[in-house]
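Enquirer: Structure file target01.cif (mmCIF, C-alpha atoms) right here:
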data_work
loop_
_atom_site.group_PDB
_atom_site.id
_atom_site.type_symbol
_atom_site.label_atom_id
_atom_site.label_comp_id
_atom_site.auth_asym_id
_atom_site.auth_seq_id
_atom_site.Cartn_x
_atom_site.Cartn_y
_atom_site.Cartn_z
ATOM 1 C CA MET A 170 0.000 0.000 0.000
ATOM 2 C CA ALA A 171 2.862 2.399 0.817
ATOM 3 C CA ASP A 172 4.723 1.577 -2.388
ATOM 4 C CA ALA A 173 1.787 1.351 -4.836
ATOM 5 C CA PRO A 174 1.496 5.107 -5.654
ATOM 6 C CA ARG A 175 5.143 5.054 -6.783
ATOM 7 C CA ARG A 176 4.597 2.071 -9.104
ATOM 8 C CA HIS A 177 1.270 2.751 -10.846
ATOM 9 C CA ASN A 178 -0.438 5.345 -12.987
ATOM 10 C CA PHE A 179 -3.927 6.179 -11.801
ATOM 11 C CA SER A 180 -6.624 8.775 -12.310
ATOM 12 C CA GLY A 181 -10.061 9.357 -10.878
ATOM 13 C CA THR A 182 -12.301 11.285 -8.538
ATOM 14 C CA PHE A 183 -12.306 10.885 -4.773
ATOM 15 C CA VAL A 184 -14.576 12.242 -2.065
ATOM 16 C CA TYR A 185 -13.601 13.468 1.395
ATOM 17 C CA TYR A 186 -16.139 13.347 4.225
ATOM 18 C CA GLY A 187 -15.657 14.814 7.701
ATOM 19 C CA ASP A 188 -17.863 16.705 10.165
ATOM 20 C CA SER A 189 -20.786 16.652 7.700
ATOM 21 C CA HIS A 190 -18.534 18.336 5.117
ATOM 22 C CA ILE A 191 -18.137 16.722 1.704
ATOM 23 C CA GLU A 192 -15.421 17.716 -0.747
ATOM 24 C CA THR A 193 -14.722 16.207 -4.162
ATOM 25 C CA SER A 194 -11.313 16.187 -5.840
ATOM 26 C CA ARG A 195 -9.988 14.988 -9.169
ATOM 27 C CA ILE A 196 -6.556 13.335 -9.284
ATOM 28 C CA VAL A 197 -4.190 12.401 -12.110
ATOM 29 C CA HIS A 198 -0.994 10.540 -11.206
ATOM 30 C CA LYS A 199 1.771 9.409 -13.571
ATOM 31 C CA VAL A 200 5.023 7.583 -12.864
ATOM 32 C CA ASP A 201 7.951 6.721 -15.119
ATOM 33 C CA GLN A 202 11.622 5.891 -14.703
ATOM 34 C CA ILE A 203 12.665 9.433 -13.766
ATOM 35 C CA SER A 204 9.721 11.133 -12.092
ATOM 36 C CA GLU A 205 6.435 10.929 -10.248
ATOM 37 C CA ARG A 206 3.965 13.641 -11.260
ATOM 38 C CA GLU A 207 0.527 14.432 -9.949
ATOM 39 C CA LYS A 208 -2.319 16.917 -10.223
ATOM 40 C CA ILE A 209 -5.040 17.235 -7.583
ATOM 41 C CA GLU A 210 -7.909 19.626 -8.289
ATOM 42 C CA VAL A 211 -10.512 20.425 -5.628
ATOM 43 C CA LEU A 212 -13.902 20.592 -7.363
ATOM 44 C CA ASP A 213 -16.026 22.073 -4.528
ATOM 45 C CA GLY A 214 -15.854 25.529 -2.952
ATOM 46 C CA SER A 215 -12.906 27.799 -3.711
ATOM 47 C CA PRO A 216 -10.819 26.244 -6.506
ATOM 48 C CA ARG A 217 -7.434 24.842 -5.480
ATOM 49 C CA ILE A 218 -5.096 22.954 -7.772
ATOM 50 C CA VAL A 219 -1.908 21.236 -6.627
ATOM 51 C CA PHE A 220 0.763 20.119 -9.087
ATOM 52 C CA ARG A 221 3.560 17.862 -7.874
ATOM 53 C CA ASN A 222 6.738 16.820 -9.649
ATOM 54 C CA ASN A 223 8.541 14.401 -7.325
ATOM 55 C CA ASP A 224 8.929 16.487 -4.139
ATOM 56 C CA GLU A 225 8.354 19.886 -5.782
ATOM 57 C CA MET A 226 4.823 21.185 -5.224
ATOM 58 C CA LYS A 227 2.919 24.178 -6.602
ATOM 59 C CA CYS A 228 -0.513 25.136 -5.265
ATOM 60 C CA TYR A 229 -2.595 27.434 -7.502
ATOM 61 C CA LEU A 230 -5.411 29.548 -6.020
ATOM 62 C CA PRO A 231 -7.205 30.980 -9.103
ATOM 63 C CA GLU A 232 -9.559 33.338 -7.211
ATOM 64 C CA SER A 233 -6.688 35.277 -5.617
ATOM 65 C CA LYS A 234 -4.201 34.557 -8.424
ATOM 66 C CA ARG A 235 -1.674 33.218 -5.951
ATOM 67 C CA ILE A 236 0.811 30.394 -6.361
ATOM 68 C CA TYR A 237 2.538 28.781 -3.386
ATOM 69 C CA THR A 238 5.578 26.606 -4.026
ATOM 70 C CA GLU A 239 6.928 24.139 -1.478
ATOM 71 C CA LYS A 240 9.122 21.074 -1.200
ATOM 72 C CA ARG A 241 7.132 18.125 0.122
ATOM 73 C CA TRP A 242 8.875 16.876 3.266
ATOM 74 C CA SER A 243 6.264 14.541 4.763
ATOM 75 C CA ARG A 244 2.891 15.860 3.651
ATOM 76 C CA LYS A 245 0.394 13.144 2.811
ATOM 77 C CA PHE A 246 -2.214 13.230 0.077
ATOM 78 C CA PHE A 247 -4.783 10.479 -0.412
ATOM 79 C CA PRO A 248 -4.150 7.768 -1.567
ATOM 80 C CA ASP A 249 -0.447 8.208 -0.707
ATOM 81 C CA ILE A 250 -0.776 8.296 3.080
ATOM 82 C CA LEU A 251 2.120 6.039 4.117
ATOM 83 C CA SER A 252 5.081 8.010 2.829
ATOM 84 C CA GLN A 253 7.427 7.337 5.766
ATOM 85 C CA PRO A 254 9.006 3.877 6.273
ATOM 86 C CA PHE A 255 8.703 2.862 9.914
ATOM 87 C CA ASP A 256 9.749 -0.793 10.000
ATOM 88 C CA ASN A 257 7.382 -2.539 12.447
ATOM 89 C CA VAL A 258 6.275 0.526 14.405
ATOM 90 C CA ILE A 259 2.691 0.332 13.103
ATOM 91 C CA ASP A 260 2.399 -3.164 14.611
ATOM 92 C CA GLU A 261 3.671 -1.740 17.901
ATOM 93 C CA ASN A 262 0.893 0.856 18.028
ATOM 94 C CA TYR A 263 -2.055 -0.881 16.328
ATOM 95 C CA TYR A 264 -3.634 -4.317 16.129
ATOM 96 C CA VAL A 265 -3.715 -5.011 12.380
ATOM 97 C CA LYS A 266 -6.345 -7.426 11.087
ATOM 98 C CA GLU A 267 -7.555 -8.489 7.652
ATOM 99 C CA THR A 268 -11.324 -8.404 7.995
ATOM 100 C CA ARG A 269 -13.027 -9.062 4.660
ATOM 101 C CA LEU A 270 -13.004 -8.594 0.891
ATOM 102 C CA GLU A 271 -15.196 -5.798 -0.441
ATOM 103 C CA ARG A 272 -15.764 -4.181 -3.841
ATOM 104 C CA VAL A 273 -15.214 -0.411 -4.155
ATOM 105 C CA THR A 274 -15.641 1.390 -7.510
ATOM 106 C CA ASP A 275 -15.510 -2.002 -9.219
ATOM 107 C CA HIS A 276 -12.146 -2.877 -7.588
ATOM 108 C CA LEU A 277 -11.944 -5.906 -5.316
ATOM 109 C CA CYS A 278 -10.357 -4.707 -2.075
ATOM 110 C CA GLN A 279 -8.873 -6.302 1.013
ATOM 111 C CA VAL A 280 -10.142 -4.431 4.069
ATOM 112 C CA LEU A 281 -7.598 -3.884 6.847
ATOM 113 C CA SER A 282 -8.645 -2.805 10.328
ATOM 114 C CA LEU A 283 -6.084 -1.022 12.524
ATOM 115 C CA THR A 284 -7.261 -0.869 16.139
ATOM 116 C CA PRO A 285 -5.167 1.336 18.468
ATOM 117 C CA ARG A 286 -3.430 -0.387 21.363
ATOM 118 C CA ASP A 287 -4.161 2.602 23.651
ATOM 119 C CA SER A 288 -6.274 5.788 23.824
ATOM 120 C CA LEU A 289 -3.544 8.008 22.357
ATOM 121 C CA ARG A 290 -4.500 7.461 18.722
ATOM 122 C CA TYR A 291 -7.474 6.857 16.455
ATOM 123 C CA GLY A 292 -8.277 3.657 14.624
ATOM 124 C CA HIS A 293 -8.115 3.248 10.849
ATOM 125 C CA GLN A 294 -9.661 1.152 8.120
ATOM 126 C CA PHE A 295 -8.089 0.701 4.696
ATOM 127 C CA TRP A 296 -9.637 -0.726 1.521
ATOM 128 C CA ILE A 297 -6.692 -1.883 -0.628
ATOM 129 C CA ASP A 298 -6.960 -3.012 -4.260
ATOM 130 C CA VAL A 299 -5.897 -6.660 -4.231
ATOM 131 C CA GLU A 300 -4.247 -6.501 -7.685
ATOM 132 C CA THR A 301 -2.086 -3.372 -7.297
ATOM 133 C CA GLY A 302 -1.991 -2.565 -3.565
ATOM 134 C CA LEU A 303 -3.361 0.924 -4.214
ATOM 135 C CA LEU A 304 -5.469 2.452 -1.446
ATOM 136 C CA VAL A 305 -9.041 2.904 -2.721
ATOM 137 C CA LYS A 306 -10.789 3.973 0.477
ATOM 138 C CA ALA A 307 -9.664 5.024 3.970
ATOM 139 C CA ALA A 308 -11.487 5.863 7.191
ATOM 140 C CA VAL A 309 -10.333 7.269 10.531
ATOM 141 C CA VAL A 310 -12.472 5.916 13.362
ATOM 142 C CA ASN A 311 -12.941 6.525 17.078
ATOM 143 C CA GLY A 312 -14.497 3.303 18.326
ATOM 144 C CA SER A 313 -17.488 2.759 16.053
ATOM 145 C CA GLU A 314 -17.670 6.423 14.958
ATOM 146 C CA ILE A 315 -16.248 7.422 11.561
ATOM 147 C CA ILE A 316 -14.380 10.714 12.052
ATOM 148 C CA GLU A 317 -13.323 11.226 8.456
ATOM 149 C CA GLN A 318 -13.221 9.252 5.243
ATOM 150 C CA PHE A 319 -11.656 9.346 1.794
ATOM 151 C CA ALA A 320 -13.011 7.171 -0.992
ATOM 152 C CA PHE A 321 -12.633 6.967 -4.734
ATOM 153 C CA ALA A 322 -15.929 7.373 -6.558
ATOM 154 C CA LEU A 323 -14.239 6.738 -9.910
ATOM 155 C CA LEU A 324 -10.824 5.141 -10.412
ATOM 156 C CA GLU A 325 -8.747 3.858 -13.316
ATOM 157 C CA ILE A 326 -5.425 2.167 -12.534
ATOM 158 C CA ASP A 327 -2.552 1.726 -15.013
ATOM 159 C CA GLY A 328 -4.257 3.645 -17.805
ATOM 160 C CA GLU A 329 -2.344 5.903 -20.192
ATOM 161 C CA ILE A 330 -1.863 9.442 -18.792
ATOM 162 C CA HIS A 331 -1.290 12.216 -21.333
ATOM 163 C CA PRO A 332 1.443 14.641 -20.144
ATOM 164 C CA ASP A 333 -0.790 17.670 -20.877
ATOM 165 C CA LEU A 334 -3.113 16.585 -18.050
ATOM 166 C CA LEU A 335 -0.312 17.336 -15.587
ATOM 167 C CA LYS A 336 0.414 20.886 -16.757
ATOM 168 C CA PRO A 337 -1.231 24.212 -15.721
ATOM 169 C CA ASN A 338 -3.590 25.598 -18.339
ATOM 170 C CA LEU A 339 -2.825 28.834 -20.159
ATOM 171 C CA SER A 340 -4.745 31.026 -17.698
ATOM 172 C CA MET A 341 -2.392 29.903 -14.916
ATOM 173 C CA VAL A 342 0.830 30.911 -16.655
ATOM 174 C CA GLN A 343 -0.148 34.474 -17.499
ATOM 175 C CA GLU A 344 1.368 37.488 -15.749
ATOM 176 C CA GLY A 345 -0.323 38.909 -12.667
ATOM 177 C CA TRP A 346 -0.093 35.843 -10.448
ATOM 178 C CA LYS A 347 1.805 36.334 -7.178
ATOM 179 C CA VAL A 348 4.274 33.563 -6.387
ATOM 180 C CA THR A 349 5.263 32.791 -2.788
ATOM 181 C CA ASP A 350 8.055 30.322 -2.160
ATOM 182 C CA LEU A 351 7.545 28.499 1.144
ATOM 183 C CA ILE A 352 11.075 27.589 2.196
ATOM 184 C CA THR A 353 11.840 24.766 4.612
ATOM 185 C CA SER A 354 15.285 24.632 6.235
ATOM 186 C CA PHE A 355 15.999 21.200 7.704
ATOM 187 C CA LEU A 356 18.054 21.216 10.894
ATOM 188 C CA ASN A 357 20.321 18.702 12.545
ATOM 189 C CA GLU A 358 19.095 16.701 15.522
ATOM 190 C CA GLY A 359 18.863 18.960 18.571
ATOM 191 C CA GLU A 360 19.652 22.151 16.642
ATOM 192 C CA LEU A 361 16.392 23.835 17.630
ATOM 193 C CA LYS A 362 16.368 25.436 21.058
ATOM 194 C CA TRP A 363 13.060 23.655 21.739
ATOM 195 C CA GLN A 364 12.319 20.037 22.463
ATOM 196 C CA VAL A 365 9.363 17.765 23.222
ATOM 197 C CA MET A 366 10.251 16.312 26.602
ATOM 198 C CA ASN A 367 7.706 13.506 26.931
ATOM 199 C CA LEU A 368 6.778 11.856 23.662
ATOM 200 C CA PRO A 369 3.582 9.798 23.951
ATOM 201 C CA ALA A 370 4.112 6.047 23.700
ATOM 202 C CA GLY A 371 4.775 4.958 20.134
ATOM 203 C CA PHE A 372 5.603 8.423 18.750
ATOM 204 C CA ARG A 373 8.973 9.386 17.312
ATOM 205 C CA LYS A 374 10.423 12.680 16.190
ATOM 206 C CA LEU A 375 10.866 12.805 12.416
ATOM 207 C CA VAL A 376 12.578 16.120 11.777
ATOM 208 C CA GLU A 377 13.268 19.641 13.038
ATOM 209 C CA MET A 378 12.806 22.581 10.646
ATOM 210 C CA LYS A 379 12.560 26.329 10.267
ATOM 211 C CA ARG A 380 9.846 27.445 7.844
ATOM 212 C CA ASN A 381 8.434 30.624 6.353
ATOM 213 C CA LEU A 382 4.747 29.764 6.436
ATOM 214 C CA ALA A 383 2.195 31.661 4.369
ATOM 215 C CA GLU A 384 1.088 34.966 5.909
ATOM 216 C CA LYS A 385 3.780 34.747 8.637
ATOM 217 C CA THR A 386 6.293 37.602 8.949
ATOM 218 C CA THR A 387 8.891 35.591 10.899
ATOM 219 C CA LEU A 388 10.360 32.126 10.576
ATOM 220 C CA VAL A 389 8.513 29.433 12.507
ATOM 221 C CA ASP A 390 10.226 26.551 14.309
ATOM 222 C CA HIS A 391 8.598 23.251 13.353
ATOM 223 C CA ILE A 392 8.954 19.795 14.910
ATOM 224 C CA THR A 393 7.179 16.812 13.336
ATOM 225 C CA LEU A 394 6.254 13.576 15.099
ATOM 226 C CA SER A 395 4.610 10.338 13.982
ATOM 227 C CA ASP A 396 3.609 6.919 15.238
ATOM 228 C CA GLY A 397 4.029 5.458 11.760
ATOM 229 C CA LEU A 398 0.550 6.511 10.667
ATOM 230 C CA ALA A 399 -0.732 9.577 12.545
ATOM 231 C CA ALA A 400 1.272 12.792 12.108
ATOM 232 C CA VAL A 401 1.637 15.629 14.627
ATOM 233 C CA SER A 402 3.285 19.020 14.047
ATOM 234 C CA VAL A 403 4.481 21.476 16.684
ATOM 235 C CA PHE A 404 4.856 25.103 15.529
ATOM 236 C CA ILE A 405 6.764 27.533 17.764
ATOM 237 C CA GLU A 406 6.797 31.263 17.033
ATOM 238 C CA PRO A 407 7.285 34.527 18.926
ATOM 239 C CA VAL A 408 4.206 36.609 19.686
ATOM 240 C CA THR A 409 4.737 39.873 17.793
ATOM 241 C CA LYS A 410 2.895 43.174 17.956
ATOM 242 C CA ASP A 411 1.547 42.856 14.414
ATOM 243 C CA MET A 412 -0.227 39.543 15.047
ATOM 244 C CA PRO A 413 -3.645 39.119 16.707
ATOM 245 C CA ALA A 414 -3.482 38.261 20.410
ATOM 246 C CA PRO A 415 -3.281 34.444 20.501
ATOM 247 C CA LEU A 416 -5.972 32.533 22.353
ATOM 248 C CA PRO A 417 -4.785 29.469 24.266
ATOM 249 C CA GLY A 418 -6.840 26.293 24.377
ATOM 250 C CA PHE A 419 -8.310 23.689 22.061
ATOM 251 C CA PHE A 420 -9.513 24.419 18.553
ATOM 252 C CA THR A 421 -11.250 21.986 16.249
ATOM 253 C CA SER A 422 -10.407 21.569 12.633
ATOM 254 C CA ARG A 423 -12.136 19.309 10.159
ATOM 255 C CA GLY A 424 -12.213 15.549 10.532
ATOM 256 C CA ALA A 425 -9.413 13.912 12.517
ATOM 257 C CA ILE A 426 -7.308 17.069 12.978
ATOM 258 C CA ASN A 427 -7.159 18.609 16.458
ATOM 259 C CA ILE A 428 -5.352 21.825 17.468
ATOM 260 C CA TYR A 429 -3.982 22.935 20.820
ATOM 261 C CA VAL A 430 -2.502 26.399 21.467
ATOM 262 C CA ARG A 431 -0.343 27.173 24.482
ATOM 263 C CA ILE A 432 1.336 30.459 25.411
ATOM 264 C CA LEU A 433 4.724 30.261 27.136
ATOM 265 C CA ASP A 434 6.017 33.723 28.097
ATOM 266 C CA ASP A 435 5.992 35.545 24.742
ATOM 267 C CA ILE A 436 6.000 32.361 22.648
ATOM 268 C CA LYS A 437 3.025 30.740 20.901
ATOM 269 C CA ILE A 438 3.178 26.938 20.722
ATOM 270 C CA THR A 439 0.638 25.379 18.339
ATOM 271 C CA THR A 440 0.272 21.599 18.199
ATOM 272 C CA VAL A 441 -1.690 20.159 15.263
ATOM 273 C CA GLY A 442 -2.294 16.501 14.563
ATOM 274 C CA GLU A 443 -4.452 13.557 13.575
ATOM 275 C CA VAL A 444 -4.782 12.391 17.175
ATOM 276 C CA PRO A 445 -7.255 12.727 20.084
ATOM 277 C CA LEU A 446 -7.319 15.850 22.279
ATOM 278 C CA GLU A 447 -5.617 13.966 25.113
ATOM 279 C CA THR A 448 -2.590 13.287 22.904
ATOM 280 C CA ILE A 449 -2.396 16.741 21.347
ATOM 281 C CA LYS A 450 -2.388 18.352 24.822
ATOM 282 C CA LEU A 451 0.182 15.880 26.160
ATOM 283 C CA ILE A 452 2.557 16.813 23.359
ATOM 284 C CA GLY A 453 1.892 20.570 23.463
ATOM 285 C CA ASP A 454 2.363 20.795 27.248
ATOM 286 C CA SER A 455 5.686 18.935 27.115
ATOM 287 C CA VAL A 456 7.399 21.416 24.749
ATOM 288 C CA ILE A 457 10.136 23.229 26.678
ATOM 289 C CA LYS A 458 13.011 25.567 25.897
ATOM 290 C CA LYS A 459 16.452 24.054 26.311
ATOM 291 C CA ASP A 460 18.718 25.483 28.989
#
Would you mind writing the file's structure down as C-alpha cells?

Expert:
Amino acid sequence: MADAPRRHNFSGTFVYYGDSHIETSRIVHKVDQISEREKIEVLDGSPRIVFRNNDEMKCYLPESKRIYTEKRWSRKFFPDILSQPFDNVIDENYYVKETRLERVTDHLCQVLSLTPRDSLRYGHQFWIDVETGLLVKAAVVNGSEIIEQFAFALLEIDGEIHPDLLKPNLSMVQEGWKVTDLITSFLNEGELKWQVMNLPAGFRKLVEMKRNLAEKTTLVDHITLSDGLAAVSVFIEPVTKDMPAPLPGFFTSRGAINIYVRILDDIKITTVGEVPLETIKLIGDSVIKKD
C-alpha cells in the first residue's frame, strides 16, 4: 500500500467526508523511470489545484491569483498516506487485522482494520486493491464512529496518462499571479532550542525545521512527530505586535485534525495533529526551551 502510488499510474475522482462536510477532488498521477507527477484539483468551494513533480509542489489559487511553491517533506495526500518507512512501528501501536473482501468502484479490495493499542491514537480502516496494492478507500475511526473518510468514486489504474493533463492551463501561466516560495530549512538533531520532553508512547520525532509559512512575517520553528501513521506538528513562534493576540486552548479543525494552542512567556506553541485531544495536549504541554 505504501509503495503502490510510486509504481502505478492512476486517475479518478475521490470524495472526502468529515464533520458533515463533503469535498470532491480529481486526481491524475503518472510515474515513469525518472519522475512521479501528480495533479489534484478540488472541485467544490474555492478552486485549489496542486501540481507535484517528485517532491516539488505548486498550489494554484485561481480566485486570488496566488501560487505557493513548497518542497514536500512529509505531507500526505490520499491515496499516498504512508510516505514514511517505519519498519514494524505500526504493529507496535495498532492491532492489524484483515477483515473481509469488499468491492469499491468495481475494484476488489482487502479491508484492513487497525485498532489502536491505547487511547492516544485513532483507529483506521483501509480498503486496498488486491491486484495493485493501491489504497481505494480510507477511514479514521474513534471506536465505532467514523471521524473522516476518503473514498474513490471513480478510479482507473494503469491507464495511459497524457502529459498535458499534468500541466497548468494557459490562464495559470499568465502574468499577474503572485508567487510565494515556502522555504523549509531542515536542521540537525537537537539544533532547535526547543524540544518535546515527553513523547507519547509509540511516537517518534521525524525532523526539526525552520519554515516561512504563508502569511507569517517571521520564521517558525517546526517539529514533526509520527507513530508510523498519525502525524503531529508542533509550531513555535514569537508573539509579535503585528499579530492578533493568541488565544490558548483547544480548537477543532475538520475531521481527525485537532489543534492545541499554548502560550509560554511571549511564545506561541501550536500543536496540530491527527490524534485525540488527550494526545495533542500531552505533546503541546511537554514542549520546553532548552537550557

Enquirer: Give me the result of the PyMOL selection byres ((chain A and resi 439) around 10) on this file, residue by residue, as a PyMOL selection string.

Expert: chain A and resi 391+402-406+417-419+428-432+436-438+440-441+449+453

Enquirer: Since we have the selection now, will you write its residues out, keeping C-alpha atoms, as a PDB file, keeping the file's coordinate frame?

Expert:
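Okay, selection-v3.pdb is ready:
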ATOM      1  CA  HIS A 391       8.598  23.251  13.353  1.00  0.00           C
ATOM      2  CA  SER A 402       3.285  19.020  14.047  1.00  0.00           C
ATOM      3  CA  VAL A 403       4.481  21.476  16.684  1.00  0.00           C
ATOM      4  CA  PHE A 404       4.856  25.103  15.529  1.00  0.00           C
ATOM      5  CA  ILE A 405       6.764  27.533  17.764  1.00  0.00           C
ATOM      6  CA  GLU A 406       6.797  31.263  17.033  1.00  0.00           C
ATOM      7  CA  PRO A 417      -4.785  29.469  24.266  1.00  0.00           C
ATOM      8  CA  GLY A 418      -6.840  26.293  24.377  1.00  0.00           C
ATOM      9  CA  PHE A 419      -8.310  23.689  22.061  1.00  0.00           C
ATOM     10  CA  ILE A 428      -5.352  21.825  17.468  1.00  0.00           C
ATOM     11  CA  TYR A 429      -3.982  22.935  20.820  1.00  0.00           C
ATOM     12  CA  VAL A 430      -2.502  26.399  21.467  1.00  0.00           C
ATOM     13  CA  ARG A 431      -0.343  27.173  24.482  1.00  0.00           C
ATOM     14  CA  ILE A 432       1.336  30.459  25.411  1.00  0.00           C
ATOM     15  CA  ILE A 436       6.000  32.361  22.648  1.00  0.00           C
ATOM     16  CA  LYS A 437       3.025  30.740  20.901  1.00  0.00           C
ATOM     17  CA  ILE A 438       3.178  26.938  20.722  1.00  0.00           C
ATOM     18  CA  THR A 440       0.272  21.599  18.199  1.00  0.00           C
ATOM     19  CA  VAL A 441      -1.690  20.159  15.263  1.00  0.00           C
ATOM     20  CA  ILE A 449      -2.396  16.741  21.347  1.00  0.00           C
ATOM     21  CA  GLY A 453       1.892  20.570  23.463  1.00  0.00           C
TER      22      GLY A 453
END

Enquirer: If the box runs along x, y and z of the file and leaves 6 Å on each side of region 408-415 of chain A, what are its centre and edge lengths in Å, one decimal, as AutoDock Vina command-line options?

Expert:
--center_x 0.5 --center_y 38.8 --center_z 17.5 --size_x 20.4 --size_y 20.7 --size_z 18.1

Enquirer: Hey, what's within 8 Å of region 351-363 of chain A if we count all atoms listed in the file and toss same-chain stuff fewer than 2 positions away? As a PDB file with C-alpha atoms, in the coordinates of the input, please?

Expert:
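Saved the output as selection06.pdb:
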ATOM      1  CA  TYR A 237       2.538  28.781  -3.386  1.00  0.00           C
ATOM      2  CA  THR A 238       5.578  26.606  -4.026  1.00  0.00           C
ATOM      3  CA  GLU A 239       6.928  24.139  -1.478  1.00  0.00           C
ATOM      4  CA  LYS A 240       9.122  21.074  -1.200  1.00  0.00           C
ATOM      5  CA  THR A 349       5.263  32.791  -2.788  1.00  0.00           C
ATOM      6  CA  VAL A 365       9.363  17.765  23.222  1.00  0.00           C
ATOM      7  CA  VAL A 376      12.578  16.120  11.777  1.00  0.00           C
ATOM      8  CA  GLU A 377      13.268  19.641  13.038  1.00  0.00           C
ATOM      9  CA  MET A 378      12.806  22.581  10.646  1.00  0.00           C
ATOM     10  CA  LYS A 379      12.560  26.329  10.267  1.00  0.00           C
ATOM     11  CA  ARG A 380       9.846  27.445   7.844  1.00  0.00           C
ATOM     12  CA  ASN A 381       8.434  30.624   6.353  1.00  0.00           C
ATOM     13  CA  LEU A 382       4.747  29.764   6.436  1.00  0.00           C
ATOM     14  CA  ALA A 383       2.195  31.661   4.369  1.00  0.00           C
ATOM     15  CA  ASP A 390      10.226  26.551  14.309  1.00  0.00           C
ATOM     16  CA  VAL A 456       7.399  21.416  24.749  1.00  0.00           C
ATOM     17  CA  ILE A 457      10.136  23.229  26.678  1.00  0.00           C
ATOM     18  CA  LYS A 458      13.011  25.567  25.897  1.00  0.00           C
ATOM     19  CA  LYS A 459      16.452  24.054  26.311  1.00  0.00           C
TER      20      LYS A 459
END

Enquirer: Could you state which residues are captured by the PyMOL selection byres ((chain A and resi 286) around 7) in this file, as a PyMOL selection string?

Expert: chain A and resi 262-264+284-285+287

Enquirer: List the residues matched by the PyMOL selection byres ((chain A and resi 192-195) around 12) in the displayed structure as a VMD selection string, ordered by chain and then by residue number.

Expert: chain A and resid 179 to 191 196 to 198 207 to 220 246 to 248 317 to 325 334 to 335 423 to 424

Enquirer: Find, counting all atoms listed in the file, the residue in A:Gly442, A:Pro332, A:Gly345, A:Pro369 that gets nearest to Phe420 (chain A).

Expert: A:Gly442

Enquirer: So which residues are close to (9.7, 7.7, -10.7), meaning at most 10 Å away in the file's coordinates with all atoms listed in the file counted, and can you show them as a PyMOL selection string?

Expert: chain A and resi 174-177+199-206+222-223

Enquirer: Measuring atom to atom with all atoms listed in the file, identify which of A:Leu451, A:Ile259, A:Val342, A:Ile326 is nearest to Thr274 (chain A).

Expert: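 That would be A:Ile326, the residue with the smallest distance to Thr274 (chain A).
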
Enquirer: Between A:Thr393, A:Thr268, A:Thr409, A:Gln294, which one has atoms that come closest to Lys306 (chain A), using only C-alpha atoms?

Expert: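 Distance minimum relative to Lys306 (chain A) lands on A:Gln294.
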
Enquirer: Could you pull the residues within 8 Å of Leu394 (chain A), counting all atoms listed in the file, minus those fewer than 5 positions along the same chain, as number ranges by chain?

Expert: A: 372-376, 400-402

Enquirer: With all atoms listed in the file as the basis for distance, which of A:Asp224, A:Glu344, A:Asp411, A:Glu261 is at the shortest distance from Gly397 (chain A)?

Expert: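 Checking each candidate against Gly397 (chain A), we get A:Glu261 as the closest.
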
Enquirer: Report, in Å with one decimal, the straight-line distance from CA of Arg241 (chain A) to CA of Cys228 (chain A).

Expert: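 Spanning CA of Arg241 (chain A) to CA of Cys228 (chain A) is a straight-line distance of 11.7 Å.
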
Enquirer: I need the residue nearest Val389 (chain A) from this list: A:Lys450, A:Val305, A:Pro407, A:Arg269. Use only C-alpha atoms for the distance.

Expert: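 Between A:Lys450, A:Val305, A:Pro407, A:Arg269, the residue approaching Val389 (chain A) most closely is A:Pro407.
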
Enquirer: Restricting the calculation to all atoms listed in the file: of A:Leu398, A:Asp172, A:Asp434, A:Pro231, which residue gets closest to Asp260 (chain A)?

Expert: A:Leu398

Enquirer: Find the residues near Ala173 (chain A): any atom within 7 Å, counting only C-alpha atoms, skip ones fewer than 6 places away on the same chain, and give them as a ChimeraX atom specification.

Expert: /A:301-303

Enquirer: Grab the CA of Asn338 (chain A) to CA of Leu304 (chain A) distance for me, in Å with one decimal place.

Expert: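 Rounded to one decimal, the two atoms are 28.7 Å apart.
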
Enquirer: Between CA of Asn311 (chain A) and CA of Leu289 (chain A), what distance in Å does the model show, to one decimal?

Expert: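 CA of Asn311 (chain A) sits 10.9 Å away from CA of Leu289 (chain A).
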
Enquirer: Reconstruct region 291-300 of chain A at the level of N, CA and C atoms, and format the result as a compact mmCIF listing (two decimals), in the coordinates of the input.

Expert:
# COMPACT_ATOMS: atom_id res chain seq x y z
N TYR A 291 -6.24 7.33 17.05
CA TYR A 291 -7.47 6.86 16.45
C TYR A 291 -7.25 5.52 15.75
N GLY A 292 -8.35 4.85 15.44
CA GLY A 292 -8.28 3.66 14.62
C GLY A 292 -8.40 4.00 13.14
N HIS A 293 -8.08 3.03 12.30
CA HIS A 293 -8.12 3.25 10.85
C HIS A 293 -8.66 2.01 10.16
N GLN A 294 -9.27 2.24 9.01
CA GLN A 294 -9.66 1.15 8.12
C GLN A 294 -9.18 1.50 6.72
N PHE A 295 -8.61 0.51 6.05
CA PHE A 295 -8.09 0.70 4.70
C PHE A 295 -8.73 -0.32 3.76
N TRP A 296 -9.16 0.14 2.60
CA TRP A 296 -9.64 -0.73 1.52
C TRP A 296 -8.56 -0.71 0.44
N ILE A 297 -7.88 -1.83 0.22
CA ILE A 297 -6.69 -1.88 -0.63
C ILE A 297 -6.96 -2.78 -1.83
N ASP A 298 -6.76 -2.24 -3.03
CA ASP A 298 -6.96 -3.01 -4.26
C ASP A 298 -6.06 -4.25 -4.24
N VAL A 299 -6.66 -5.42 -4.39
CA VAL A 299 -5.90 -6.66 -4.23
C VAL A 299 -4.90 -6.87 -5.38
N GLU A 300 -5.14 -6.29 -6.54
CA GLU A 300 -4.25 -6.50 -7.68
C GLU A 300 -3.02 -5.61 -7.63
